[in-house]
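Visitor: This is the structure I have questions about; it appears just below.
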Amino acid sequence: MTEPVSHRPAAKTAAAPHLLWRRIGAHRGAVAGGMVFAAICMAVFPGAMLWAVDPAAVDLGNRNAPAGLAHPLGTDQLGRDMLARVLTGGRVSIAVGVAAMMVALGLGTLIGVMAGLSRRLDGPLMRLTDLFLSLPLLPLLLVVMMLFRDALSEGLGPQAGLFVLIVGAVGITSWMTTARIVRAEVLALKERDFIRAARAMGVSDKRLILHHILPNVAAPILVSASLGIASAILTESALSFLGLGFPPDFPTWGRLVSDAAPGLLDYPGRVIWPGMAISLTVLSVTWMADALGDALDPRRAPPR
Amino acid sequence: MTQARGLIRSAGRASATLLIFALAIFALMELAPGDPMAQVPMTVPDEVKQEMRRALGLDEPAHMRFGLWLWQLCVIEPLAGLDAVLGTQLSAGQPRILSWQARAPVMQIVASHLPQTLWVVGLAYAVGVAIALPLGICQAWWRHSVFDRAGTALTMLAYSVPPFLSGVVLIAVFSVWLGWLPSIYDTTHEVRGWSDLWVQARQMILPVAVLAVQTTALIARYTRAAVLENLQMDHVRTARSKGLSEAAVLARHVLRQSMIPVVTVIALGLPQVFGGAVVTEQIFLVNGLGHLLISSIEANDLPVVRTVTFLMAVLIVLANLAADVTCRLLDPRIGAHD
């Protein structure tokens with residue numbers, strides 16, 4: 001970012017963010033969704049430090065305790081504090097969601113930009129995208145988890161290994177929509193005058209991509225990033241529910257629902273709280289993405 | 001003529017996709033660390049282990065085994081299927097794909113699991129599409145109305161609630177609390193008369209509902225977006241200004257165009273629904289393809305895992321092909337460029 005700003009289209013980039021924030025701010029759904037997601041993140045990351053109860057501390061004298069002052073959400077069948085477990089689970093689930101989204105976004109942007117810019121690569125890369133789009137993804141993820149979980153757990157430790165595996169597997173199987181969107185944007189952008197001008201000035205490919213193309217496709221990337229977090233959280237929770245995600249003693253939201261599901265009638269709270277946490281997170285992020293899309297796409301009418 | 005040529009091209013692409021997928025899934029299992037013999041006790045001597053490997057066909061090099069698997073998938077198994085239907089002996093003596101766990105042909109096991117999955121997934125998809133299309137169209141028609149907003153909120157909610165949560169809650173409410181519907185899908189149930197059909201319908205309601213909600217959420221949003229985009233087109237304004245009724249405008253000038261992206265989305269949503277089906281089958285104990293996949297993953301039964309994943313890919317690719325044909329019928333221009 002230390003490069004001279006001599007030939008940057010200053011007026012364009014200066015006006016855009018301001019307008020953008022106003023359009024997002026005008027959209028109540030975006031603000032509400034963003035605030036709920038921020039609140040969940042606050043509760044899960046710094047909040048878990050305030051509620052300094054060990055989620056793995058077994059207290060057999062205090063099993064299946066109802067909600068009370070000492071345990072706001074009660075305790076589970078081993079006397080572990082549910083609030084601490086839901087918060088810790090959320091930390092893992094959201095971390096997996098964000099990390100997997102970043103992998104998918106990086107891959108998708110890379111492939112989209114390459115396909116959009118190079119006519120030679122376009123065909124093969126889009127074939128690859130179509131190929132990935134027609135894969136049975138969850139079954140494939142299950143197979144990958146089965147094949148690689150032991151090896152990676154041994155290599156990196158049970159938690160770090162599975163984190164890397166889940167993030168990698170989810171990321172590698174969910175970059176396709178981003179790649180398609182970015183490619184379409186790049187194709188449209190390529191013919192615009194300022195890109196042609198930059199090319200005519202002899203701007204290097206790297207600089208063209210980093211300074212002229214990426215900032216202009218940031219909006220759709222942002223939208224698919226939010227959607228990516230939502231779908232990654234859902235995928236991770238499904239894997240955990242099926243018993244092929246994180247190990248049993250390691251709480252994530254999906255795992256908590258799966259563990260508590262057989263006892264739903266006696267202790268509904270243990271299913272409802274982590275389940276609601278998943279739903280609320282996904283809902284807020286999706287709502288935010290939808291509103292962002294509305295705000296960023298000039299063709300869509302602003303809400304009245 | 002161009003239509004036929006385009007179709008052949010898509011079919012060629014579909015088979016290439018499947019071939020690459022077969023190679024990928026085989027390579028994945030080859031490259032994975034871990035040994036199929038890992039669960040054999042340490043006390044078993046090495047010679048016996050070698051013998052077991054030979055019995056499973058693991059002593060051949062990888063490319064030979066891949067070739068054999070492909071040959072079995074494409075030639076021997078279809079022949080065996082013909083034999084089963086027609087009573088011929090075409091595949092007699094040919095090596096079929098065997099499950100390590102059951103020592104039975106994989107396709108026999110699959111054939112006993114496939115109908116449940118197809119029924120549940122197919123019905124859920126049909127129900128989901130039947131709800132989603134009118135919902136999306138009405139939302140676009142009355143855009144920004146209370147109905148539109150409520151519909152958007154509902155579809156987003158439906159997307160956000162994972163199937164394992166909605167499934168578990170539905171079981172608690174309708175099976176245990178109210179006692180209206182069975183919570184476990186009885187696969188051995190045979191439909192012989194009307195009362196049996198009623199029992200079958202009742203046990204399908206919950207799994208189909210869980211899956212259909214997911215499908216509805218996915219497709220309604222796309223339908224709304226597609227119809228909305230077409231409603232703003234110039235030709236729609238022209239149609240209105242020449243005095244066509246609103247219903248005629250919608251039916252003749254908006255819906256047909258809008259269905260092209262929607263049909264693609266319906267086909268592209270299938271992988272997600274199969275994923276949902278794996279989870280749903282696990283909740284309701286439906287003895288289907290997803291259940292078979294999970295149990296063979298747990299038992300490290302690689303031939304079954306490989307074949308079931310491949311079959312799911314085949315179903316998805318076939319759906320994509322069907323969507324392609326439908327799009328060509330809806331929009332003659334698609335064929336013209338091929």
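Chains: A, B, ... in order of the structure tokens. Residues: from 1 per chain. Ligands: from 1, in order shown.
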With 6 Å as the limit and counting only C-alpha atoms, what residues in chain B lie close to chain A? Please list them as a list in words.
Guide: Thr17, Ala32, Ser160, Val161, Pro271, Gly275 and Ala313 of chain B
Visitor: Can you pull out the residues contacting Val262 (chain B)? Cut-off 9 Å, using only C-alpha atoms, and skip same-chain residues under 4 positions away; I want them as a PDB file with C-alpha atoms, in the first residue's frame.
Guide:
```
ATOM      1  CA  LEU B 133     -42.598 -22.011  -7.474  1.00  0.00           C
ATOM      2  CA  ILE B 219     -35.793 -22.594  -4.859  1.00  0.00           C
ATOM      3  CA  TYR B 222     -34.264 -18.002  -6.934  1.00  0.00           C
ATOM      4  CA  THR B 223     -37.754 -18.077  -8.409  1.00  0.00           C
ATOM      5  CA  ALA B 226     -35.793 -14.614 -11.675  1.00  0.00           C
ATOM      6  CA  SER B 258     -38.047 -17.037 -15.610  1.00  0.00           C
ATOM      7  CA  ILE B 266     -33.514 -27.055  -9.242  1.00  0.00           C
ATOM      8  CA  ALA B 267     -30.926 -29.403 -10.747  1.00  0.00           C
TER       9      ALA B 267
END
```
Visitor: Given the choices B:Leu311, B:Val325, B:Val85, B:Val208, which gets closest to Ile25 (chain B) if the distance is worked out from only C-alpha atoms?
Guide: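 Comparing B:Leu311, B:Val325, B:Val85, B:Val208 against Ile25 (chain B), the winner is B:Leu311.
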Visitor: Can you pull out the residues contacting Gly106 (chain A)? Cut-off 12 Å, using only C-alpha atoms, and skip same-chain residues under 2 positions away; I want them as a list of chain:residue names.
Guide: A:Ala99, A:Ala100, A:Met101, A:Met102, A:Val103, A:Ala104, A:Gly108, A:Thr109, A:Leu110, A:Ile111, A:Gly112, A:Val113, A:Gly168, A:Gly171, A:Ile172, A:Ser174, A:Trp175, A:Met176, A:Thr178, A:Ala179, A:Val182, A:Leu214, A:Ile221, A:Leu222, A:Ser224, A:Ala225, A:Gly228
Visitor: I need the residues from that last selection saved to file as a short mmCIF file (atom, residue, chain, number, x, y, z; two decimals), in the first residue's frame (with C-alpha atoms), if you can.
Guide:
```cif
data_model
loop_
_atom_site.label_atom_id
_atom_site.label_comp_id
_atom_site.auth_asym_id
_atom_site.auth_seq_id
_atom_site.Cartn_x
_atom_site.Cartn_y
_atom_site.Cartn_z
CA ALA A 99 -11.76 -19.95 8.09
CA ALA A 100 -13.51 -22.22 5.59
CA MET A 101 -15.14 -19.20 4.00
CA MET A 102 -11.72 -17.60 3.61
CA VAL A 103 -10.30 -20.70 1.92
CA ALA A 104 -13.31 -20.89 -0.39
CA GLY A 108 -12.96 -18.84 -5.83
CA THR A 109 -11.50 -15.40 -6.41
CA LEU A 110 -8.27 -16.83 -7.82
CA ILE A 111 -10.09 -19.15 -10.21
CA GLY A 112 -12.68 -16.52 -11.13
CA VAL A 113 -10.06 -13.87 -11.93
CA GLY A 168 -9.75 -27.46 4.12
CA GLY A 171 -13.29 -24.72 1.69
CA ILE A 172 -12.24 -26.87 -1.26
CA SER A 174 -17.50 -24.56 -1.72
CA TRP A 175 -15.56 -22.10 -3.88
CA MET A 176 -17.65 -22.59 -7.02
CA THR A 178 -17.66 -17.28 -5.83
CA ALA A 179 -15.61 -18.27 -8.86
CA VAL A 182 -16.11 -13.19 -9.91
CA LEU A 214 -10.19 -6.75 -7.22
CA ILE A 221 -17.16 -11.08 -3.09
CA LEU A 222 -18.43 -9.60 0.16
CA SER A 224 -20.66 -14.46 -1.24
CA ALA A 225 -18.34 -14.28 1.77
CA GLY A 228 -20.05 -18.74 2.63
#
```
Visitor: State, in Å with one decimal place, the distance from CA of Gly122 (chain B) to CA of Pro163 (chain B).
Guide: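 Computing the Euclidean distance for CA of Gly122 (chain B) and CA of Pro163 (chain B) yields 16.7 Å.
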Visitor: Using Å and a single decimal, report how far CA of His211 (chain A) sits from CA of Leu105 (chain A).
Guide: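 According to the coordinates, CA of Leu105 (chain A) and CA of His211 (chain A) are separated by 18.0 Å.
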Visitor: Return as a tab-separated table (two decimals) with N, CA and C atoms, in the first residue's frame the full set of residues in region 109-230 of chain B whose backbone-based DSSP assignment is helix (DSSP H, G or I).
Guide:
```
chain	number	residue	atom	x	y	z
B	109	ILE	N	-26.85	-54.84	-2.47
B	109	ILE	CA	-27.09	-54.06	-1.26
B	109	ILE	C	-27.70	-52.71	-1.64
B	110	VAL	N	-27.10	-52.10	-2.67
B	110	VAL	CA	-27.60	-50.79	-3.10
B	110	VAL	C	-29.06	-50.91	-3.53
B	111	ALA	N	-29.36	-51.98	-4.30
B	111	ALA	CA	-30.72	-52.11	-4.81
B	111	ALA	C	-31.73	-52.22	-3.67
B	112	SER	N	-31.30	-52.74	-2.52
B	112	SER	CA	-32.26	-52.83	-1.42
B	112	SER	C	-32.36	-51.50	-0.67
B	113	HIS	N	-31.40	-50.59	-0.88
B	113	HIS	CA	-31.44	-49.31	-0.16
B	113	HIS	C	-31.94	-48.16	-1.02
B	114	LEU	N	-31.77	-48.31	-2.34
B	114	LEU	CA	-32.04	-47.18	-3.23
B	114	LEU	C	-33.51	-46.72	-3.23
B	115	PRO	N	-34.49	-47.66	-3.27
B	115	PRO	CA	-35.88	-47.19	-3.40
B	115	PRO	C	-36.31	-46.23	-2.30
B	116	GLN	N	-35.92	-46.51	-1.05
B	116	GLN	CA	-36.33	-45.63	0.05
B	116	GLN	C	-35.82	-44.22	-0.20
B	117	THR	N	-34.51	-44.12	-0.55
B	117	THR	CA	-33.93	-42.81	-0.76
B	117	THR	C	-34.62	-42.10	-1.92
B	118	LEU	N	-34.83	-42.83	-3.03
B	118	LEU	CA	-35.44	-42.18	-4.18
B	118	LEU	C	-36.85	-41.70	-3.83
B	119	TRP	N	-37.61	-42.51	-3.09
B	119	TRP	CA	-38.95	-42.11	-2.72
B	119	TRP	C	-38.92	-40.86	-1.85
B	120	VAL	N	-38.10	-40.91	-0.80
B	120	VAL	CA	-38.11	-39.79	0.14
B	120	VAL	C	-37.56	-38.53	-0.55
B	121	VAL	N	-36.39	-38.67	-1.20
B	121	VAL	CA	-35.80	-37.49	-1.84
B	121	VAL	C	-36.70	-36.98	-2.97
B	122	GLY	N	-37.19	-37.90	-3.79
B	122	GLY	CA	-38.00	-37.49	-4.93
B	122	GLY	C	-39.28	-36.80	-4.50
B	123	LEU	N	-39.95	-37.39	-3.53
B	123	LEU	CA	-41.20	-36.81	-3.06
B	123	LEU	C	-40.93	-35.45	-2.41
B	124	ALA	N	-39.86	-35.39	-1.60
B	124	ALA	CA	-39.53	-34.13	-0.93
B	124	ALA	C	-39.23	-33.06	-1.97
B	125	TYR	N	-38.52	-33.46	-3.02
B	125	TYR	CA	-38.18	-32.49	-4.05
B	125	TYR	C	-39.43	-32.01	-4.76
B	126	ALA	N	-40.32	-32.96	-5.09
B	126	ALA	CA	-41.56	-32.59	-5.77
B	126	ALA	C	-42.39	-31.65	-4.90
B	127	VAL	N	-42.53	-32.00	-3.63
B	127	VAL	CA	-43.31	-31.15	-2.73
B	127	VAL	C	-42.66	-29.77	-2.61
B	128	GLY	N	-41.33	-29.78	-2.42
B	128	GLY	CA	-40.61	-28.52	-2.26
B	128	GLY	C	-40.78	-27.61	-3.47
B	129	VAL	N	-40.63	-28.18	-4.67
B	129	VAL	CA	-40.77	-27.38	-5.89
B	129	VAL	C	-42.21	-26.89	-6.03
B	130	ALA	N	-43.16	-27.78	-5.70
B	130	ALA	CA	-44.57	-27.40	-5.85
B	130	ALA	C	-44.93	-26.24	-4.92
B	131	ILE	N	-44.26	-26.15	-3.78
B	131	ILE	CA	-44.54	-25.01	-2.89
B	131	ILE	C	-43.72	-23.80	-3.33
B	132	ALA	N	-42.46	-24.05	-3.71
B	132	ALA	CA	-41.54	-22.94	-3.93
B	132	ALA	C	-41.92	-22.11	-5.16
B	133	LEU	N	-42.33	-22.76	-6.25
B	133	LEU	CA	-42.60	-22.01	-7.47
B	133	LEU	C	-43.72	-20.99	-7.27
B	134	PRO	N	-44.93	-21.41	-6.82
B	134	PRO	CA	-45.97	-20.40	-6.62
B	134	PRO	C	-45.56	-19.35	-5.60
B	135	LEU	N	-44.86	-19.80	-4.55
B	135	LEU	CA	-44.45	-18.84	-3.51
B	135	LEU	C	-43.54	-17.77	-4.10
B	136	GLY	N	-42.52	-18.21	-4.85
B	136	GLY	CA	-41.58	-17.25	-5.42
B	136	GLY	C	-42.25	-16.32	-6.43
B	137	ILE	N	-43.16	-16.90	-7.24
B	137	ILE	CA	-43.83	-16.08	-8.26
B	137	ILE	C	-44.71	-15.03	-7.58
B	138	CYS	N	-45.47	-15.45	-6.57
B	138	CYS	CA	-46.34	-14.49	-5.88
B	138	CYS	C	-45.51	-13.43	-5.17
B	139	GLN	N	-44.39	-13.84	-4.59
B	139	GLN	CA	-43.54	-12.86	-3.91
B	139	GLN	C	-43.06	-11.80	-4.88
B	140	ALA	N	-42.65	-12.23	-6.07
B	140	ALA	CA	-42.14	-11.28	-7.05
B	140	ALA	C	-43.28	-10.39	-7.54
B	141	TRP	N	-44.45	-11.00	-7.69
B	141	TRP	CA	-45.59	-10.25	-8.22
B	141	TRP	C	-45.98	-9.13	-7.28
B	146	VAL	N	-46.24	-6.98	2.31
B	146	VAL	CA	-46.10	-7.74	3.55
B	146	VAL	C	-45.89	-9.22	3.22
B	147	PHE	N	-46.66	-9.71	2.22
B	147	PHE	CA	-46.55	-11.11	1.82
B	147	PHE	C	-45.13	-11.44	1.37
B	148	ASP	N	-44.55	-10.54	0.56
B	148	ASP	CA	-43.20	-10.76	0.05
B	148	ASP	C	-42.21	-10.83	1.21
B	149	ARG	N	-42.34	-9.87	2.13
B	149	ARG	CA	-41.39	-9.84	3.24
B	149	ARG	C	-41.54	-11.06	4.13
B	150	ALA	N	-42.80	-11.43	4.40
B	150	ALA	CA	-43.02	-12.61	5.23
B	150	ALA	C	-42.44	-13.83	4.54
B	151	GLY	N	-42.64	-13.92	3.21
B	151	GLY	CA	-42.10	-15.06	2.47
B	151	GLY	C	-40.59	-15.10	2.55
B	152	THR	N	-39.95	-13.94	2.36
B	152	THR	CA	-38.49	-13.89	2.44
B	152	THR	C	-38.01	-14.32	3.82
B	153	ALA	N	-38.68	-13.78	4.85
B	153	ALA	CA	-38.27	-14.13	6.21
B	153	ALA	C	-38.42	-15.63	6.44
B	154	LEU	N	-39.55	-16.19	5.97
B	154	LEU	CA	-39.79	-17.62	6.20
B	154	LEU	C	-38.77	-18.48	5.46
B	155	THR	N	-38.49	-18.14	4.19
B	155	THR	CA	-37.54	-18.98	3.45
B	155	THR	C	-36.15	-18.88	4.08
B	156	MET	N	-35.79	-17.69	4.56
B	156	MET	CA	-34.48	-17.57	5.20
B	156	MET	C	-34.43	-18.39	6.48
B	157	LEU	N	-35.53	-18.34	7.23
B	157	LEU	CA	-35.59	-19.12	8.46
B	157	LEU	C	-35.45	-20.61	8.13
B	158	ALA	N	-36.16	-21.03	7.07
B	158	ALA	CA	-36.13	-22.44	6.70
B	158	ALA	C	-34.72	-22.85	6.30
B	159	TYR	N	-33.99	-21.93	5.65
B	159	TYR	CA	-32.62	-22.24	5.25
B	159	TYR	C	-31.72	-22.34	6.48
B	160	SER	N	-32.00	-21.51	7.49
B	160	SER	CA	-31.08	-21.41	8.63
B	160	SER	C	-31.23	-22.54	9.62
B	163	PRO	N	-31.30	-29.39	9.07
B	163	PRO	CA	-32.27	-30.49	9.07
B	163	PRO	C	-32.22	-31.34	10.33
B	164	PHE	N	-31.02	-31.45	10.94
B	164	PHE	CA	-30.99	-32.32	12.12
B	164	PHE	C	-31.72	-31.69	13.29
B	165	LEU	N	-31.79	-30.33	13.30
B	165	LEU	CA	-32.54	-29.69	14.38
B	165	LEU	C	-34.04	-29.78	14.11
B	166	SER	N	-34.45	-29.42	12.88
B	166	SER	CA	-35.89	-29.45	12.59
B	166	SER	C	-36.40	-30.88	12.69
B	167	GLY	N	-35.61	-31.86	12.25
B	167	GLY	CA	-36.03	-33.25	12.31
B	167	GLY	C	-36.27	-33.70	13.74
B	168	VAL	N	-35.31	-33.39	14.60
B	168	VAL	CA	-35.41	-33.82	15.99
B	168	VAL	C	-36.60	-33.14	16.67
B	169	VAL	N	-36.79	-31.85	16.39
B	169	VAL	CA	-37.90	-31.13	17.01
B	169	VAL	C	-39.23	-31.67	16.50
B	170	LEU	N	-39.32	-31.94	15.18
B	170	LEU	CA	-40.57	-32.47	14.62
B	170	LEU	C	-40.92	-33.82	15.25
B	171	ILE	N	-39.88	-34.65	15.43
B	171	ILE	CA	-40.14	-35.95	16.07
B	171	ILE	C	-40.69	-35.73	17.47
B	172	ALA	N	-40.06	-34.81	18.20
B	172	ALA	CA	-40.51	-34.58	19.58
B	172	ALA	C	-41.96	-34.11	19.60
B	173	VAL	N	-42.31	-33.21	18.69
B	173	VAL	CA	-43.66	-32.65	18.73
B	173	VAL	C	-44.67	-33.65	18.19
B	174	PHE	N	-44.45	-34.17	16.98
B	174	PHE	CA	-45.51	-34.94	16.32
B	174	PHE	C	-45.52	-36.41	16.70
B	175	SER	N	-44.36	-36.99	17.05
B	175	SER	CA	-44.38	-38.42	17.36
B	175	SER	C	-44.54	-38.65	18.86
B	176	VAL	N	-43.76	-37.90	19.64
B	176	VAL	CA	-43.74	-38.22	21.06
B	176	VAL	C	-44.82	-37.45	21.80
B	177	TRP	N	-44.90	-36.18	21.53
B	177	TRP	CA	-45.80	-35.33	22.30
B	177	TRP	C	-47.25	-35.54	21.85
B	194	TRP	N	-54.93	-50.48	0.93
B	194	TRP	CA	-55.10	-49.07	1.24
B	194	TRP	C	-54.61	-48.74	2.64
B	195	SER	N	-54.87	-49.65	3.58
B	195	SER	CA	-54.45	-49.35	4.95
B	195	SER	C	-52.92	-49.32	5.03
B	196	ASP	N	-52.26	-50.22	4.28
B	196	ASP	CA	-50.80	-50.21	4.25
B	196	ASP	C	-50.28	-48.92	3.64
B	197	LEU	N	-50.97	-48.47	2.62
B	197	LEU	CA	-50.55	-47.23	1.96
B	197	LEU	C	-50.64	-46.07	2.96
B	198	TRP	N	-51.68	-46.10	3.77
B	198	TRP	CA	-51.86	-45.04	4.77
B	198	TRP	C	-50.69	-45.06	5.77
B	199	VAL	N	-50.33	-46.28	6.21
B	199	VAL	CA	-49.20	-46.40	7.13
B	199	VAL	C	-47.93	-45.86	6.48
B	200	GLN	N	-47.72	-46.23	5.22
B	200	GLN	CA	-46.54	-45.78	4.49
B	200	GLN	C	-46.52	-44.26	4.37
B	201	ALA	N	-47.67	-43.69	4.03
B	201	ALA	CA	-47.76	-42.23	3.87
B	201	ALA	C	-47.45	-41.55	5.19
B	202	ARG	N	-47.99	-42.11	6.28
B	202	ARG	CA	-47.77	-41.47	7.58
B	202	ARG	C	-46.31	-41.48	7.97
B	203	GLN	N	-45.62	-42.58	7.69
B	203	GLN	CA	-44.22	-42.61	8.12
B	203	GLN	C	-43.33	-41.77	7.20
B	204	MET	N	-43.85	-41.42	6.03
B	204	MET	CA	-43.03	-40.59	5.13
B	204	MET	C	-43.21	-39.10	5.39
B	205	ILE	N	-44.29	-38.73	6.10
B	205	ILE	CA	-44.59	-37.30	6.23
B	205	ILE	C	-43.42	-36.53	6.84
B	206	LEU	N	-42.91	-37.00	7.97
B	206	LEU	CA	-41.89	-36.22	8.66
B	206	LEU	C	-40.59	-36.10	7.87
B	207	PRO	N	-39.97	-37.22	7.40
B	207	PRO	CA	-38.74	-37.04	6.64
B	207	PRO	C	-38.92	-36.19	5.39
B	208	VAL	N	-40.06	-36.41	4.70
B	208	VAL	CA	-40.28	-35.62	3.49
B	208	VAL	C	-40.43	-34.14	3.85
B	209	ALA	N	-41.13	-33.88	4.96
B	209	ALA	CA	-41.33	-32.48	5.34
B	209	ALA	C	-39.99	-31.80	5.64
B	210	VAL	N	-39.12	-32.49	6.37
B	210	VAL	CA	-37.83	-31.89	6.72
B	210	VAL	C	-37.03	-31.54	5.47
B	211	LEU	N	-37.01	-32.48	4.51
B	211	LEU	CA	-36.25	-32.24	3.29
B	211	LEU	C	-36.92	-31.20	2.40
B	212	ALA	N	-38.27	-31.25	2.35
B	212	ALA	CA	-38.98	-30.34	1.45
B	212	ALA	C	-38.80	-28.90	1.89
B	213	VAL	N	-38.74	-28.68	3.20
B	213	VAL	CA	-38.56	-27.31	3.70
B	213	VAL	C	-37.25	-26.73	3.17
B	214	GLN	N	-36.20	-27.56	3.21
B	214	GLN	CA	-34.90	-27.12	2.68
B	214	GLN	C	-34.99	-26.75	1.21
B	215	THR	N	-35.61	-27.64	0.43
B	215	THR	CA	-35.73	-27.41	-1.01
B	215	THR	C	-36.51	-26.14	-1.28
B	216	THR	N	-37.63	-25.98	-0.56
B	216	THR	CA	-38.46	-24.80	-0.76
B	216	THR	C	-37.65	-23.54	-0.55
B	217	ALA	N	-36.89	-23.51	0.55
B	217	ALA	CA	-36.12	-22.32	0.88
B	217	ALA	C	-35.18	-21.97	-0.26
B	218	LEU	N	-34.52	-23.00	-0.78
B	218	LEU	CA	-33.52	-22.76	-1.83
B	218	LEU	C	-34.17	-22.23	-3.10
B	219	ILE	N	-35.26	-22.89	-3.53
B	219	ILE	CA	-35.79	-22.59	-4.86
B	219	ILE	C	-36.68	-21.36	-4.86
B	220	ALA	N	-37.40	-21.12	-3.77
B	220	ALA	CA	-38.30	-19.96	-3.75
B	220	ALA	C	-37.52	-18.67	-3.94
B	221	ARG	N	-36.34	-18.60	-3.33
B	221	ARG	CA	-35.57	-17.35	-3.44
B	221	ARG	C	-35.13	-17.11	-4.88
B	222	TYR	N	-34.70	-18.18	-5.55
B	222	TYR	CA	-34.26	-18.00	-6.93
B	222	TYR	C	-35.44	-17.68	-7.85
B	223	THR	N	-36.58	-18.35	-7.58
B	223	THR	CA	-37.75	-18.08	-8.41
B	223	THR	C	-38.14	-16.61	-8.29
B	224	ARG	N	-38.15	-16.12	-7.05
B	224	ARG	CA	-38.52	-14.72	-6.84
B	224	ARG	C	-37.57	-13.81	-7.63
B	225	ALA	N	-36.26	-14.06	-7.50
B	225	ALA	CA	-35.29	-13.20	-8.17
B	225	ALA	C	-35.47	-13.25	-9.69
B	226	ALA	N	-35.69	-14.46	-10.22
B	226	ALA	CA	-35.79	-14.61	-11.68
B	226	ALA	C	-37.05	-13.92	-12.20
B	227	VAL	N	-38.18	-14.12	-11.52
B	227	VAL	CA	-39.42	-13.50	-11.99
B	227	VAL	C	-39.31	-11.98	-11.87
B	228	LEU	N	-38.71	-11.53	-10.78
B	228	LEU	CA	-38.55	-10.08	-10.57
B	228	LEU	C	-37.74	-9.46	-11.70
B	229	GLU	N	-36.68	-10.14	-12.09
B	229	GLU	CA	-35.84	-9.60	-13.15
B	229	GLU	C	-36.62	-9.51	-14.45
B	230	ASN	N	-37.39	-10.56	-14.75
B	230	ASN	CA	-38.13	-10.57	-16.00
B	230	ASN	C	-39.29	-9.59	-16.01
```
Visitor: Would you compute the distance between CA of Leu83 (chain A) and CA of Trp253 (chain A)? Give it in Å to one decimal.
Guide: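 Result for CA of Leu83 (chain A) versus CA of Trp253 (chain A): 11.7 Å, one decimal.
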Visitor: Extract, using only C-alpha atoms, all DNA, RNA and protein residues at most 8 Å from Thr264 (chain B), discarding same-chain residues fewer than 6 positions from it, and format them as a ChimeraX atom specification.
Guide: /B:320,323-324,327
Visitor: Those selected residues, please, written with C-alpha atoms and delivered as a tab-separated table (two decimals), in the first residue's frame.
Guide:
```tsv
chain	number	residue	atom	x	y	z
B	320	ASN	CA	-28.31	-31.86	-14.61
B	323	ALA	CA	-32.31	-29.73	-16.64
B	324	ASP	CA	-30.22	-29.09	-19.74
B	327	CYS	CA	-33.71	-25.46	-20.75
```
Visitor: Which residue out of B:Ala251, B:Ile184, B:Val308, B:Ala319 has the minimum interatomic distance to Gln282 (chain B) when only C-alpha atoms are used?
Guide: B:Ile184
